[in-house]
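Notes follow the structure.
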Amino acid sequence: MENLQIPDTIARFIDIVNAHDENGFLDAFAPASTVDDWGREFTGREAIKTWSDTEFIGADGILTPEEVSTAGDRVTVIGDWRSTHANGRSSFAFDLVGDRIAKMTIREG
């Protein structure tokens with residue numbers, strides 16, 4: 001990650017995810033935020049937690065960023081995702097509000 005220009009908010013988020021820090025992960029999201037995982041949407045802290053328990057933090061996921069781009073309040077990180085649930089090159093688009101995530105959209109990388 002050192003050579004990529006990842007904005008601080010997202011760099012911290014990736015560190016939190018890779019450390020499997022559930023509370024840090026949930027706290028990174030703004031109130032009423034949404035995770036869009038390949039078209040399945042989870043809105044609000046409880047829905048995101050339930051999804052994450054099986055498919056994200058609870059699946060011991062590790063994201064290794066390979067590319068990053070920024071356009072306005074959207075940061076897109078493409079990288080290798082490895083977990084006990086799913087694996088492969090994925091795109092994570094983050095819509096930010098201040099220093100928190102309003103929406104995280106996951107698609108094929």
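Chains: A, B, ... in order of the structure tokens. Residues: from 1 per chain. Ligands: from 1, in order shown.
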
Exercise for the section: Tell me, as a count of residues only, which residues lie within 12 Å of Phe42 of chain A, counting only C-alpha atoms; anything in the same chain fewer than 2 positions away does not count. Expected result: 23

Report as CSV: every residue of segment 31-62 of chain A with an atom at most 9 Å from segment 70-89 of chain A, its closest pair of atoms, and their distance in Å to one decimal, counting only C-alpha atoms, with rows sorted by chain and ascending residue number.
```
residue,atom,partner,partner_atom,distance
A:Thr54,CA,A:His85,CA,7.4
A:Glu55,CA,A:His85,CA,5.6
A:Phe56,CA,A:Ser83,CA,7.6
A:Ile57,CA,A:Ser83,CA,8.8
A:Gly58,CA,A:Thr84,CA,8.6
A:Ala59,CA,A:Thr84,CA,5.0
A:Asp60,CA,A:Ser83,CA,5.4
A:Gly61,CA,A:Ser83,CA,4.1
A:Ile62,CA,A:Arg82,CA,5.3
```

Problem - Atom-to-atom span, atom CA of Thr9 of chain A and atom CA of Asp99 of chain A, Å - result: 5.9 Å

Practice task
Could you tell me which of A:Pro7, A:Gly24, A:Pro65, A:Gly109 comes closest to Ser90 of chain A if we count only C-alpha atoms?
Solution key: A:Gly109

Handout entry: For atom CA of Leu63 of chain A and atom CA of Ile6 of chain A, the interatomic separation in Å (one decimal)
Key = 13.2 Å

Practice task
List every residue of chain A that DSSP, applied to the backbone, labels as helix (DSSP H, G or I), and write the result as a PyMOL selection string.
Solution key: chain A and resi 8-18+22-27+45-55+57-59

C-alpha atoms of the current selection, written as a PDB file, in the first residue's frame:
```pdb
ATOM      1  CA  ASP A   8      -5.999   8.345   4.614  1.00  0.00           C
ATOM      2  CA  THR A   9      -9.627   7.437   5.396  1.00  0.00           C
ATOM      3  CA  ILE A  10      -9.529   4.454   3.042  1.00  0.00           C
ATOM      4  CA  ALA A  11      -5.976   3.420   3.969  1.00  0.00           C
ATOM      5  CA  ARG A  12      -7.080   3.272   7.635  1.00  0.00           C
ATOM      6  CA  PHE A  13     -10.186   1.330   6.623  1.00  0.00           C
ATOM      7  CA  ILE A  14      -8.108  -1.268   4.744  1.00  0.00           C
ATOM      8  CA  ASP A  15      -5.808  -1.638   7.764  1.00  0.00           C
ATOM      9  CA  ILE A  16      -8.878  -2.151   9.990  1.00  0.00           C
ATOM     10  CA  VAL A  17     -10.325  -4.753   7.607  1.00  0.00           C
ATOM     11  CA  ASN A  18      -7.032  -6.622   7.331  1.00  0.00           C
ATOM     12  CA  GLU A  22     -15.177  -5.556  13.637  1.00  0.00           C
ATOM     13  CA  ASN A  23     -15.864  -2.434  15.715  1.00  0.00           C
ATOM     14  CA  GLY A  24     -13.373  -0.348  13.742  1.00  0.00           C
ATOM     15  CA  PHE A  25     -14.954  -1.620  10.527  1.00  0.00           C
ATOM     16  CA  LEU A  26     -18.481  -0.696  11.623  1.00  0.00           C
ATOM     17  CA  ASP A  27     -17.358   2.667  13.024  1.00  0.00           C
ATOM     18  CA  ARG A  45     -25.021  -0.717  11.061  1.00  0.00           C
ATOM     19  CA  GLU A  46     -26.952  -3.890  12.005  1.00  0.00           C
ATOM     20  CA  ALA A  47     -27.505  -5.013   8.404  1.00  0.00           C
ATOM     21  CA  ILE A  48     -23.852  -4.329   7.536  1.00  0.00           C
ATOM     22  CA  LYS A  49     -22.727  -6.243  10.647  1.00  0.00           C
ATOM     23  CA  THR A  50     -24.910  -9.252   9.788  1.00  0.00           C
ATOM     24  CA  TRP A  51     -23.493  -9.322   6.234  1.00  0.00           C
ATOM     25  CA  SER A  52     -19.924  -8.793   7.453  1.00  0.00           C
ATOM     26  CA  ASP A  53     -20.125 -11.542  10.102  1.00  0.00           C
ATOM     27  CA  THR A  54     -20.320 -14.129   7.309  1.00  0.00           C
ATOM     28  CA  GLU A  55     -18.815 -12.495   4.237  1.00  0.00           C
ATOM     29  CA  ILE A  57     -14.703  -9.402   8.712  1.00  0.00           C
ATOM     30  CA  GLY A  58     -16.068 -12.750   9.908  1.00  0.00           C
ATOM     31  CA  ALA A  59     -14.567 -14.421   6.832  1.00  0.00           C
TER      32      ALA A  59
END
```

Exercise for the section: Looking only at strand (DSSP E) from DSSP on the backbone, list the matching residues of chain A as a VMD selection string. Expected result: chain A and resid 29 to 37 40 to 43 62 to 71 74 to 82 87 to 97 100 to 108

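Pairwise distance (atom CA of Asn3 of chain A, atom CA of Asp95 of chain A) equals 22.3 Å.
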